[in-house]
Every structure is written in structure tokens, then in C-alpha cells.
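What follows is the content of protein_13.txt, which has compact mmCIF, C-alpha atoms:
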```
# COMPACT_ATOMS: atom_id res chain seq x y z
CA MET H 1 -12.29 90.97 65.98
CA ILE H 2 -9.36 91.98 68.22
CA THR H 3 -9.51 88.65 70.09
CA THR H 4 -9.45 86.71 66.79
CA ALA H 5 -6.54 88.77 65.47
CA LEU H 6 -4.60 88.29 68.72
CA LEU H 7 -5.22 84.54 68.72
CA ILE H 8 -4.08 84.22 65.09
CA ALA H 9 -0.98 86.30 65.85
CA PHE H 10 -0.24 84.09 68.87
CA ALA H 11 -0.63 80.94 66.75
CA LEU H 12 1.80 82.40 64.20
CA VAL H 13 4.31 83.21 66.95
CA VAL H 14 4.10 79.61 68.21
CA VAL H 15 4.68 78.22 64.70
CA GLY H 16 7.61 80.63 64.25
CA VAL H 17 9.20 79.54 67.54
CA LEU H 18 8.74 75.87 66.63
CA ILE H 19 10.37 76.32 63.22
CA ARG H 20 13.26 78.21 64.81
CA ALA H 21 13.66 75.51 67.47
CA ALA H 22 13.70 72.80 64.80
CA ARG H 23 16.42 74.66 62.88
CA ARG H 24 18.59 75.42 65.89
CA ARG H 25 18.35 71.96 67.35
CA ARG H 26 21.43 70.48 65.88
CA ASP H 27 23.96 72.69 67.68
CA PRO H 28 27.03 70.48 68.02
CA VAL H 29 28.55 69.70 71.41
CA PRO H 30 31.65 71.87 71.98
CA ASP H 31 34.88 69.94 72.05
CA LEU H 32 36.75 70.24 75.36
CA GLN H 33 39.99 70.70 73.46
CA ALA H 34 38.68 73.84 71.81
CA LEU H 35 36.50 75.11 74.63
CA GLU H 36 38.09 78.55 74.68
CA THR H 37 36.78 79.22 71.17
CA TYR H 38 33.20 78.85 72.47
CA THR H 39 33.31 80.40 75.94
CA GLN H 40 33.68 84.01 76.99
CA PRO H 41 36.36 84.89 79.56
CA VAL H 42 35.22 85.80 83.08
CA ASP H 43 37.56 87.49 85.57
CA LEU H 44 36.09 86.02 88.72
CA ALA H 45 38.16 88.24 91.07
CA ALA H 46 36.98 91.39 89.30
CA PHE H 47 33.42 90.08 89.27
CA ARG H 48 33.54 89.40 93.03
CA ASN H 49 34.94 92.87 93.62
CA LEU H 50 32.08 94.45 91.71
CA ILE H 51 29.44 92.75 93.86
CA ASP H 52 31.30 93.09 97.15
CA PRO H 53 29.02 94.99 99.59
CA ALA H 54 32.06 96.33 101.51
CA GLU H 55 33.42 97.88 98.33
CA GLU H 56 30.04 99.44 97.64
CA ASP H 57 29.80 100.80 101.19
CA TYR H 58 33.27 102.31 100.90
CA LEU H 59 32.32 104.12 97.68
CA ARG H 60 28.99 105.24 99.17
CA GLU H 61 30.72 106.77 102.21
CA ASN H 62 33.57 108.44 100.33
CA LEU H 63 31.85 109.85 97.26
CA PRO H 64 29.19 112.54 96.87
CA ALA H 65 25.73 111.00 96.19
CA GLY H 66 25.58 112.05 92.52
CA ARG H 67 29.09 110.77 91.76
CA PHE H 68 28.37 107.55 93.64
CA HIS H 69 25.18 106.91 91.62
CA THR H 70 26.99 107.46 88.31
CA LEU H 71 29.87 105.22 89.31
CA GLN H 72 27.55 102.61 90.77
CA ARG H 73 25.54 102.47 87.50
CA GLU H 74 28.76 101.81 85.60
CA ARG H 75 29.72 99.09 88.08
CA LEU H 76 26.26 97.53 87.76
CA ARG H 77 26.52 97.52 83.95
CA ALA H 78 29.88 95.79 84.22
CA THR H 79 28.36 93.29 86.66
CA LEU H 80 25.52 92.69 84.22
CA GLU H 81 28.06 91.89 81.50
CA TYR H 82 29.79 89.39 83.81
CA VAL H 83 26.45 87.76 84.67
CA ARG H 84 25.63 87.51 80.96
CA ARG H 85 28.98 85.87 80.28
CA THR H 86 28.60 83.36 83.11
CA ALA H 87 25.10 82.50 81.86
CA TYR H 88 26.45 82.10 78.32
CA ASN H 89 29.31 79.88 79.48
CA SER H 90 26.96 77.79 81.61
CA ALA H 91 24.88 77.01 78.50
CA ILE H 92 28.05 75.77 76.75
CA LEU H 93 29.12 73.71 79.76
CA LEU H 94 25.64 72.25 80.04
CA ARG H 95 26.02 70.83 76.53
CA VAL H 96 29.45 69.44 77.41
CA GLY H 97 28.06 67.86 80.59
CA GLU H 98 24.96 66.52 78.87
CA ALA H 99 27.11 64.72 76.28
CA ALA H 100 29.33 63.24 79.00
CA ARG H 101 26.33 62.00 81.02
CA ARG H 102 26.07 59.08 78.62
CA ASP H 103 29.65 57.97 79.33
CA GLN H 104 30.15 54.32 80.25
CA ASN H 105 32.40 55.27 83.16
CA PRO H 106 30.11 55.92 86.17
CA GLU H 107 32.60 58.40 87.63
CA VAL H 108 32.53 60.49 84.45
CA ALA H 109 28.73 60.25 84.26
CA ALA H 110 28.41 61.42 87.90
CA ALA H 111 30.80 64.33 87.34
CA ALA H 112 28.87 65.27 84.20
CA ARG H 113 25.56 65.13 86.08
CA ALA H 114 26.94 67.46 88.75
CA LEU H 115 28.23 69.82 86.04
CA VAL H 116 24.82 69.89 84.33
CA ASN H 117 23.03 70.63 87.61
CA ASP H 118 25.47 73.44 88.48
CA ALA H 119 25.07 74.88 84.99
CA LEU H 120 21.28 74.88 85.38
CA ARG H 121 21.50 76.44 88.85
CA LEU H 122 23.71 79.15 87.40
CA ARG H 123 21.26 79.84 84.54
CA MET H 124 18.44 80.24 87.07
CA ASN H 125 20.47 82.48 89.36
CA ALA H 126 21.75 84.50 86.42
CA MET H 127 18.18 85.12 85.26
CA LEU H 128 17.21 86.44 88.71
CA ALA H 129 20.47 88.40 89.02
CA MET H 130 19.82 90.13 85.70
CA VAL H 131 16.35 91.21 86.86
CA VAL H 132 17.86 92.56 90.10
CA LEU H 133 20.67 94.32 88.23
CA TYR H 134 18.32 96.06 85.82
CA GLY H 135 16.29 97.20 88.84
CA ARG H 136 19.43 98.47 90.56
CA ILE H 137 20.58 100.37 87.46
CA VAL H 138 17.30 102.30 87.72
CA MET H 139 17.77 102.73 91.50
CA PRO H 140 21.54 102.58 92.12
CA GLY H 141 21.10 103.46 95.80
CA ALA H 142 19.09 100.30 96.57
CA ARG H 143 20.81 97.52 98.52
CA ILE H 144 19.78 94.25 96.90
CA SER H 145 22.16 91.34 96.58
CA VAL H 146 22.61 89.71 93.16
CA GLY H 147 22.71 86.30 94.79
CA ARG H 148 25.26 83.53 94.60
CA VAL H 149 26.20 83.76 90.92
CA THR H 150 29.95 83.95 91.58
CA ASP H 151 29.93 80.99 94.01
CA ILE H 152 27.94 78.82 91.63
CA TYR H 153 30.18 79.84 88.73
CA GLU H 154 33.23 78.84 90.76
CA ASN H 155 31.59 75.47 91.52
CA LEU H 156 30.79 75.08 87.85
CA THR H 157 34.35 75.71 86.71
CA GLN H 158 35.64 73.30 89.36
CA GLY H 159 33.13 70.72 88.14
CA LEU H 160 34.35 71.22 84.58
CA VAL H 161 37.97 70.73 85.63
CA ARG H 162 36.96 67.56 87.53
CA LEU H 163 35.17 66.21 84.47
CA THR H 164 38.07 67.07 82.16
CA ARG H 165 40.55 65.38 84.50
CA LEU H 166 38.51 62.20 84.18
CA GLN H 167 38.02 62.46 80.43
CA ASP H 168 41.16 64.10 79.14
CA PRO H 169 43.65 64.98 81.93
CA ALA H 170 46.07 66.76 79.59
CA TYR H 171 43.49 69.49 78.94
CA ALA H 172 42.36 70.15 82.52
CA ALA H 173 44.52 73.26 83.01
CA ARG H 174 43.65 74.65 79.57
CA VAL H 175 39.94 74.11 80.14
CA SER H 176 40.14 75.85 83.51
CA ALA H 177 41.69 78.90 81.81
CA ALA H 178 38.99 78.89 79.11
CA VAL H 179 36.22 79.77 81.58
CA MET T 1 -23.77 66.25 57.15
CA SER T 2 -22.34 66.03 53.62
CA LEU T 3 -18.62 65.70 53.06
CA THR T 4 -16.59 66.39 49.94
CA LEU T 5 -13.88 64.18 48.46
CA THR T 6 -11.23 66.48 50.00
CA ASP T 7 -12.77 65.90 53.43
CA TYR T 8 -12.62 62.14 52.99
CA LEU T 9 -9.05 62.32 51.71
CA LEU T 10 -7.90 64.45 54.63
CA TRP T 11 -9.77 62.22 57.06
CA GLY T 12 -8.25 59.08 55.57
CA THR T 13 -4.73 60.53 55.34
CA ALA T 14 -4.67 61.46 59.03
CA GLU T 15 -5.96 58.02 60.00
CA ILE T 16 -3.43 56.14 57.85
CA LEU T 17 -0.55 58.30 59.13
CA LEU T 18 -1.65 57.83 62.73
CA VAL T 19 -1.90 54.05 62.30
CA MET T 20 1.63 54.13 60.86
CA ALA T 21 2.81 56.23 63.81
CA CYS T 22 1.31 53.72 66.27
CA ALA T 23 2.97 50.87 64.35
CA ALA T 24 6.31 52.74 64.46
CA ILE T 25 5.97 53.20 68.24
CA LEU T 26 5.33 49.47 68.67
CA ARG T 27 8.04 48.44 66.22
CA ARG T 28 10.68 50.64 67.86
CA ARG T 29 9.52 49.51 71.31
CA LEU T 30 8.84 53.06 72.42
CA VAL T 31 5.60 52.22 74.23
CA TYR T 32 7.30 52.08 77.64
CA GLN T 33 9.21 55.26 76.92
CA PHE T 34 6.16 57.23 75.74
CA PRO T 35 3.12 55.43 77.19
CA VAL T 36 0.86 58.48 77.36
CA PHE T 37 1.64 59.47 73.79
CA PHE T 38 0.91 55.94 72.61
CA VAL T 39 -2.44 55.95 74.43
CA TYR T 40 -3.21 59.35 72.88
CA ALA T 41 -2.35 58.15 69.36
CA ALA T 42 -4.17 54.82 69.75
CA PHE T 43 -7.24 56.56 71.16
CA ASN T 44 -7.34 58.90 68.17
CA VAL T 45 -7.05 55.99 65.73
CA LEU T 46 -10.00 54.36 67.46
CA ARG T 47 -11.89 57.64 67.65
CA THR T 48 -11.60 58.28 63.91
CA ALA T 49 -12.73 54.72 63.16
CA VAL T 50 -15.78 55.09 65.43
CA LEU T 51 -16.67 58.52 64.02
CA PHE T 52 -16.32 57.27 60.47
CA THR T 53 -18.61 54.31 61.25
CA ILE T 54 -21.20 56.66 62.74
CA HIS T 55 -20.87 58.86 59.66
CA LEU T 56 -21.52 55.88 57.36
CA LEU T 57 -24.54 54.85 59.45
CA GLN T 58 -25.75 58.42 59.30
CA LEU T 59 -25.53 58.34 55.49
CA GLN T 60 -27.72 55.21 55.57
CA HIS T 61 -30.15 57.09 57.86
CA ARG T 62 -29.60 54.58 60.64
CA MET T 63 -28.20 57.29 62.91
CA GLY T 64 -28.89 61.00 63.19
CA TYR T 65 -26.58 64.03 63.03
CA ALA T 66 -26.98 64.51 66.79
CA ASP T 67 -25.37 61.09 67.38
CA TYR T 68 -22.31 62.13 65.36
CA PHE T 69 -22.23 65.57 67.00
CA TYR T 70 -22.22 64.21 70.56
CA ALA T 71 -19.83 61.35 69.71
CA TYR T 72 -17.45 63.86 68.10
CA TRP T 73 -17.38 66.34 70.95
CA MET T 74 -17.36 63.74 73.73
CA THR T 75 -14.39 61.92 72.22
CA ASP T 76 -12.80 65.30 71.50
CA ALA T 77 -12.98 66.08 75.23
CA VAL T 78 -11.14 62.82 76.02
CA SER T 79 -8.59 63.59 73.29
CA VAL T 80 -8.02 67.05 74.75
CA VAL T 81 -7.42 65.61 78.24
CA LEU T 82 -4.98 63.09 76.76
CA GLY T 83 -3.34 65.93 74.83
CA PHE T 84 -2.66 67.79 78.09
CA ALA T 85 -1.33 64.54 79.57
CA VAL T 86 1.08 64.24 76.60
CA ILE T 87 2.29 67.82 77.19
CA TYR T 88 2.81 67.18 80.91
CA TYR T 89 4.17 63.64 81.03
CA GLU T 90 5.98 63.27 77.73
CA ILE T 91 7.23 66.79 77.14
CA TYR T 92 7.50 68.60 80.48
CA CYS T 93 8.51 65.61 82.66
CA GLY T 94 10.74 64.17 79.95
CA VAL T 95 12.67 67.38 79.38
CA PHE T 96 12.68 69.13 82.77
CA GLN T 97 12.26 66.49 85.47
CA ARG T 98 15.49 64.74 84.51
CA TYR T 99 17.46 67.48 86.25
CA ASP T 100 17.63 67.75 90.04
CA ALA T 101 18.28 71.48 89.78
CA LEU T 102 15.08 72.07 87.79
CA GLN T 103 12.63 69.79 89.57
CA ARG T 104 11.29 72.38 92.02
CA LEU T 105 11.62 75.52 89.92
CA GLY T 106 10.41 73.71 86.81
CA GLY T 107 7.27 72.63 88.65
CA ILE T 108 6.64 76.16 89.90
CA LEU T 109 7.20 77.68 86.46
CA PHE T 110 4.97 75.10 84.77
CA ALA T 111 2.19 75.70 87.31
CA CYS T 112 2.52 79.50 86.89
CA ALA T 113 2.39 79.15 83.10
CA GLY T 114 -0.69 76.90 83.43
CA ILE T 115 -2.50 79.40 85.69
CA ALA T 116 -1.58 82.36 83.46
CA LEU T 117 -2.85 80.49 80.39
CA LEU T 118 -6.04 79.51 82.21
CA VAL T 119 -6.71 83.19 82.89
CA LEU T 120 -5.90 84.01 79.24
CA ALA T 121 -8.18 81.20 78.06
CA ALA T 122 -11.00 82.49 80.29
CA TRP T 123 -10.51 85.96 78.79
CA ALA T 124 -10.58 84.48 75.26
CA ALA T 125 -13.75 82.55 76.11
CA SER T 126 -15.43 85.74 77.33
CA ALA T 127 -15.14 87.32 73.88
CA PRO T 128 -18.37 86.42 72.09
CA GLY T 129 -18.25 84.48 68.83
CA ALA T 130 -20.51 84.66 65.78
CA GLU T 131 -22.47 81.61 66.88
CA THR T 132 -24.58 81.04 69.95
CA GLY T 133 -26.06 77.97 71.61
CA VAL T 134 -24.29 74.64 71.98
CA VAL T 135 -22.11 75.11 68.86
CA GLY T 136 -21.00 78.56 69.97
CA THR T 137 -20.11 77.32 73.47
CA VAL T 138 -18.23 74.32 72.11
CA LEU T 139 -16.24 76.55 69.73
CA LEU T 140 -15.31 78.95 72.52
CA LEU T 141 -14.20 76.01 74.67
CA GLU T 142 -12.21 74.54 71.80
CA ARG T 143 -10.54 77.91 71.21
CA SER T 144 -9.59 78.24 74.88
CA VAL T 145 -8.27 74.70 75.05
CA ARG T 146 -6.11 75.16 71.94
CA LEU T 147 -4.85 78.46 73.34
CA MET T 148 -3.76 76.68 76.52
CA GLN T 149 -2.10 73.83 74.63
CA CYS T 150 -0.24 76.23 72.35
CA GLY T 151 0.81 78.36 75.30
CA LEU T 152 2.14 75.38 77.25
CA VAL T 153 4.09 74.05 74.26
CA LEU T 154 5.48 77.56 73.62
CA PHE T 155 6.46 77.91 77.28
CA LEU T 156 8.22 74.53 77.26
CA PHE T 157 10.14 75.34 74.09
CA LEU T 158 11.19 78.77 75.37
CA ALA T 159 12.17 77.45 78.81
CA ALA T 160 14.16 74.58 77.28
CA PHE T 161 15.81 77.09 74.93
CA TYR T 162 16.70 79.46 77.78
CA PHE T 163 18.18 76.73 79.95
CA GLY T 164 19.86 75.16 76.91
CA LEU T 165 18.26 71.77 77.62
CA PRO T 166 18.78 69.11 75.00
CA TRP T 167 15.74 67.36 73.50
CA GLN T 168 15.69 63.69 72.86
CA ASN T 169 14.87 63.19 69.18
CA TYR T 170 11.50 61.44 69.57
CA ARG T 171 10.39 63.79 72.33
CA PHE T 172 11.25 66.79 70.20
CA GLY T 173 9.20 65.31 67.34
CA ILE T 174 6.21 64.76 69.62
CA ALA T 175 6.39 68.34 70.92
CA LEU T 176 6.92 69.80 67.45
CA GLY T 177 4.01 67.88 65.88
CA PHE T 178 1.76 68.72 68.78
CA GLY T 179 2.69 72.40 68.70
CA VAL T 180 2.21 72.70 64.94
CA PHE T 181 -1.26 71.20 64.84
CA ALA T 182 -2.42 72.93 68.06
CA SER T 183 -1.35 76.35 66.75
CA ILE T 184 -2.93 75.92 63.30
CA GLU T 185 -6.11 74.61 64.91
CA LEU T 186 -6.11 77.60 67.26
CA ALA T 187 -6.00 79.99 64.30
CA ALA T 188 -8.67 78.00 62.42
CA VAL T 189 -11.05 77.74 65.37
CA ALA T 190 -10.56 81.48 66.11
CA VAL T 191 -11.58 82.30 62.53
CA ARG T 192 -14.48 79.80 62.66
CA SER T 193 -15.69 81.24 65.95
CA HIS T 194 -15.49 84.80 64.61
CA MET T 195 -16.96 84.32 61.14
CA GLY T 196 -19.56 81.68 61.88
CA ALA T 197 -20.94 78.76 59.88
CA SER T 198 -20.03 80.30 56.48
CA VAL T 199 -16.40 79.24 56.94
CA ALA T 200 -17.13 76.00 58.80
CA ALA T 201 -16.22 73.69 55.90
CA ALA T 202 -12.96 75.51 55.10
CA CYS T 203 -11.93 75.63 58.77
CA SER T 204 -12.73 71.94 59.18
CA GLN T 205 -10.45 71.13 56.23
CA ILE T 206 -7.69 73.34 57.66
CA ASN T 207 -8.07 71.51 60.99
CA SER T 208 -7.79 68.14 59.27
CA ALA T 209 -4.76 69.27 57.26
CA ALA T 210 -3.11 70.66 60.40
CA TYR T 211 -3.74 67.41 62.22
CA SER T 212 -2.29 65.41 59.32
CA SER T 213 0.78 67.68 59.33
CA GLY T 214 1.26 67.09 63.04
CA VAL T 215 0.92 63.32 62.62
CA MET T 216 3.31 63.45 59.65
CA ILE T 217 5.92 65.21 61.85
CA TRP T 218 5.49 62.49 64.53
CA LEU T 219 5.88 59.81 61.92
CA CYS T 220 9.01 61.38 60.43
CA TYR T 221 10.67 61.61 63.84
CA LEU T 222 9.56 58.11 64.81
CA LEU T 223 10.96 56.60 61.63
CA ALA T 224 14.14 58.70 61.41
CA PRO T 225 17.36 57.04 62.58
CA LYS T 226 18.66 58.25 65.94
CA PRO T 227 21.11 61.10 65.25
CA ALA T 228 24.67 60.56 66.45
CA LEU T 229 26.18 62.98 68.92
CA GLN T 230 28.00 65.68 66.99
CA TYR T 231 31.16 67.23 68.35
CA ALA T 232 32.31 70.56 67.05
CA GLY T 233 35.79 71.92 67.33
CA VAL T 234 39.35 71.27 66.49
CA VAL T 235 40.89 68.58 64.40
CA GLN T 236 41.92 65.65 66.58
CA HIS T 237 45.63 65.12 67.22
CA ASN T 238 45.39 61.62 65.83
CA ASP T 239 44.18 63.08 62.54
CA LEU T 240 47.06 65.55 62.46
CA GLU T 241 49.50 62.72 63.03
CA LYS T 242 47.90 60.76 60.18
CA TRP T 243 48.15 63.79 57.92
CA ASN T 244 51.80 64.35 58.85
CA GLN T 245 52.51 60.71 58.13
CA ALA T 246 50.77 60.93 54.75
CA LEU T 247 52.71 64.11 53.85
CA LEU T 248 56.01 62.51 54.82
CA GLU T 249 55.22 59.55 52.62
CA ILE T 250 54.45 61.84 49.68
CA LEU T 251 57.68 63.82 50.23
CA GLU T 252 59.74 60.68 50.40
CA ARG T 253 58.47 59.47 47.01
```
Kindly transcribe the structure held in the file into C-alpha cells.
Amino acid sequence: MITTALLIAFALVVVGVLIRAARRRRDPVPDLQALETYTQPVDLAAFRNLIDPAEEDYLRENLPAGRFHTLQRERLRATLEYVRRTAYNSAILLRVGEAARRDQNPEVAAAARALVNDALRLRMNAMLAMVVLYGRIVMPGARISVGRVTDIYENLTQGLVRLTRLQDPAYAARVSAAV
Amino acid sequence: MSLTLTDYLLWGTAEILLVMACAAILRRRLVYQFPVFFVYAAFNVLRTAVLFTIHLLQLQHRMGYADYFYAYWMTDAVSVVLGFAVIYYEIYCGVFQRYDALQRLGGILFACAGIALLVLAAWAASAPGAETGVVGTVLLLERSVRLMQCGLVLFLFLAAFYFGLPWQNYRFGIALGFGVFASIELAAVAVRSHMGASVAAACSQINSAAYSSGVMIWLCYLLAPKPALQYAGVVQHNDLEKWNQALLEILER
């Protein structure tokens, strides 16, 4: 009986996911000229500072253990928010890149392909980083790196600027500020 | 084996819709784009025709029920294998293998999902059903297979959703139709396996209706015009200039 109930519940979940996917499918491609209305701002310098091992070591050496753990948890939560934002932005940029992949100009198509691949790499790294960060919030003393999220995000934003320069040069600076 | 009018109607509807889907694939020249799906659809058209012929011969007492039984389950096994091929080649490869960044990880994730579902299917098969013997075994196998198909389709949809991957229209239709009929069939076969022969006729009709729904979804996506790329966002500058021009003209009047 339990097996049958579980299988029926699973089938219902699958149907639910499919209906949701069918409804959400027609998300429009964000316009480069209004990119800032879709993306969430990321202060890359602050983000780098939060995951800098030297900064962490300095705090570890100069603060009592209890104070360090409290502060480190707060820093990890802030880092988690930055990772979430980069992952969110990468999903937006992936849609921008995917639309530009069909461009007639091979240079634009190549830049778009690179942007899409960076966006996907970032999504993967962000997923792993979030798992690590949740683990570190539980154990703030542990020394585990959150990976290369900042580097990939920097590559991604550079890729976006490159693509915008090719498509719409007037907006390159604005687009760079949007992410 | 006696069938009601509803059974014949459901049987016929699925066959007609599937023939139309095959015709749409040929007409839109999608055979090279979705070869495995076309083989799957064409095989099922042929399968239904063969099974219906055997059924007619059986009614004339020129063939026995065992002939139909073995023909049904043997062709079902081929259909299941082709179904997995559709999931792998048309859905997974079509959506994930286009991206360099996802080729390795996508393969690993797909393999992990396949292994996890195999374990889950083995667990589901270990739970005894109401029927024993060949029918009971076949039902347990069918249940496990549908569980795996549903799980793979679910995994692909969730992974594509997480990564924000776009679906080509036809491919999305194939995955959607496949997922819908596999999940309804999973529920029906689970009920059939649990409650036994008393619900066999009702479950068979649900299966046929689910299959027709899946084929209908394929047909709708195959016949629908290709959607244009939609851009969201601000009003274009050119439009603003046109509006300004129009306003100036009105003011000057």
C-alpha cells in the first residue's frame, strides 16, 4: 500500500513539475538596454574580501574563538547572499547569451557562446559553493574554500561587456555597471 | 479478451493521433533533427496496427489470447527501450550536450540519476503486487520502467530549470508529452499492480487515455508555429522618437 501511494504521489509531482515548466517556459529574453532592472547588484570587491583566506586568518588570530565563530557565521551568510546573486545574474545572462547565439555575425555568436558557457560554469560552481557555505555555517571553524565563483563571475561580466560592445557599443558601460 | 466501445475509441484515437504526428514530422522535415523520436513514433504506429490485427484474428478464433499477450509485451519491451533512447538522445543530448560547460558534468549527473532511479526501481519491484505469475512479474517490471522514465524526465526538467537552459519548442513538446503519459501510466500501473485484475479494465483505459494525451501534446507542438524570440524590457529609442514626432505633429495642428 505504501509503495503504491508513494508511486502515485511521485507521478503527481512529475505532472505538477511538467505543468509548471510549461507555464514558465515563455520567460522573455531580458533586453540589454534594461539589464539593470533584471539583475541584482554584486560588489565584487566586497565579495572577494569575504572569501579571502588571509582576512579569515587575521580574524581567527585576533578574536576570541566564540566571537570569531559568530562573526564568521555572519560573513558566511553574507557570502551566501553574494553567491545567490551571482547565480541569479548568471541565469539572466545565460538567456541573453542564448538569444545572441543565433546572431548572423560569427563574432557575436562566438562571444555569446562563451558567455553562455561561463554562465553555466558559474551556476555549477555556485551550486557547490552554496553546499560548502551551508556546511561552513554549521562549522564556522572549518577551512573549506568556496571555489572560483568570484573569478568566474568576473569572466562572465567581462564576457557580457564584450558581447554588448559587439551588439550595442553605447550600452557597454551601463551593462557592466548592471552586474 | 473482450473490449468495449470506449476501448476501441481510445485505441483508435491514439493511433490516428500518432499517424498524424508522424506525418507532421515528415512534413516539417524533422526526421533528421529527431530521428530516434520518429523511429519511436513509427514503431508504435506499426505496433498498434499489428496488435489490432492479432486482436481481430483472435475474435475470429484464428489466434489465441496467448499470441496477443506475448505480441503485446514483446513489442512493449521494444517500445520501452526506444522510449529510453528518446529520453537520452532527443531530450538529454538535445538540451545538455549543446553546451561545452555541461558536457562532462551533465553526463555524470545523468548517469547518477540513472543509477539512483535503477535502485529505486529495484526497490519498487521488490514490493509484492496483488497478482503473481507472469502477469504479476510483467506488471512489476512495467511499474519499475515507468518509474525510471518519469524520474529521468523529472531530473531533466529540474536540471534544465536550475541551469536556466532554454528548450527548443519541439524538444520541449516531446519531453512534455513523454513525461505526461509516463507519469499517468506509472500511477495507473501502480494501482493495477496493487488492486489486481478487478481494476484491469479501468487501468487499461486510463493508460490508453494517458497515451493519447501524450500523443496529442506531441502533435500540438509539432503543428504549432515556431515561436518568435521575445524580448522584454524598455521601449526602444526609435519608438520614442516616433512618438515624439507624432506628438509634435498633433501639437502643430
Within 7 Å of chain T: residues of chain H, using only C-alpha atoms, as a PyMOL selection string: chain H and resi 3-4+7-8+11+14-15+18+28-31+34+91+117+120-121+123
Those residues with C-alpha atoms, as a CSV table (one decimal), in the coordinates of the input please?
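Here's the written file again-v9.csv:
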```
chain,number,residue,atom,x,y,z
H,3,THR,CA,-9.5,88.6,70.1
H,4,THR,CA,-9.4,86.7,66.8
H,7,LEU,CA,-5.2,84.5,68.7
H,8,ILE,CA,-4.1,84.2,65.1
H,11,ALA,CA,-0.6,80.9,66.8
H,14,VAL,CA,4.1,79.6,68.2
H,15,VAL,CA,4.7,78.2,64.7
H,18,LEU,CA,8.7,75.9,66.6
H,28,PRO,CA,27.0,70.5,68.0
H,29,VAL,CA,28.6,69.7,71.4
H,30,PRO,CA,31.6,71.9,72.0
H,31,ASP,CA,34.9,69.9,72.0
H,34,ALA,CA,38.7,73.8,71.8
H,91,ALA,CA,24.9,77.0,78.5
H,117,ASN,CA,23.0,70.6,87.6
H,120,LEU,CA,21.3,74.9,85.4
H,121,ARG,CA,21.5,76.4,88.8
H,123,ARG,CA,21.3,79.8,84.5
```
Protein/DNA/RNA residues near (-3.0, 58.9, 58.3), cut 10 Å, only C-alpha atoms, as JSON, numbers by chain: {"T": [9, 10, 11, 12, 13, 14, 15, 16, 17, 18, 19, 20, 21, 45, 211, 212, 213, 215, 216, 219]}
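If you measure from each of H:Ile144, H:Ala5, H:Val108, H:Ala78 to Ala46 in chain H using all atoms listed in the file, the closest one turns out to be H:Ala78.
With all atoms listed in the file as the atoms that count, the minimum distance from Leu6 in chain H to the choices T:Leu120, T:Ile87, T:Leu139, T:Ala202 is reached by T:Leu120.
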What does the structure give for the distance between CA of Ile152 in chain H and CA of Leu44 in chain H, in Å to one decimal? 11.3 Å
In Å, rounded to a single decimal, give me how far CA of Tyr40 in chain T is from CA of Val119 in chain T. 26.1 Å
Could you please determine the separation between CA of Val149 in chain H and CA of Val83 in chain H in Å, to one decimal place? 7.4 Å
At a cut-off of 12 Å, using all atoms listed in the file, what residues contact Thr164 in chain H? Leave out same-chain residues fewer than 6 positions from it and give the result as a ChimeraX atom specification. /H:31-33,35,93,96-97,100,107-109,111-112,115,157-158,170-176
Do you know which residues are at most 8 Å from Arg84 in chain H counting only C-alpha atoms, after dropping those on the same chain fewer than 4 positions away, and could you put them as a ChimeraX atom specification? /H:80,88,126,130
Shortest interatomic distance to Leu128 in chain H - which of H:Val161, H:Asp151, H:Ala87, H:Arg67, counting only C-alpha atoms: H:Ala87
Write out as a ChimeraX atom specification the residues lying within 12 Å of Pro140 in chain H, counting all atoms listed in the file and excluding same-chain residues fewer than 4 positions away. /H:56,60,65-77,132-136,144
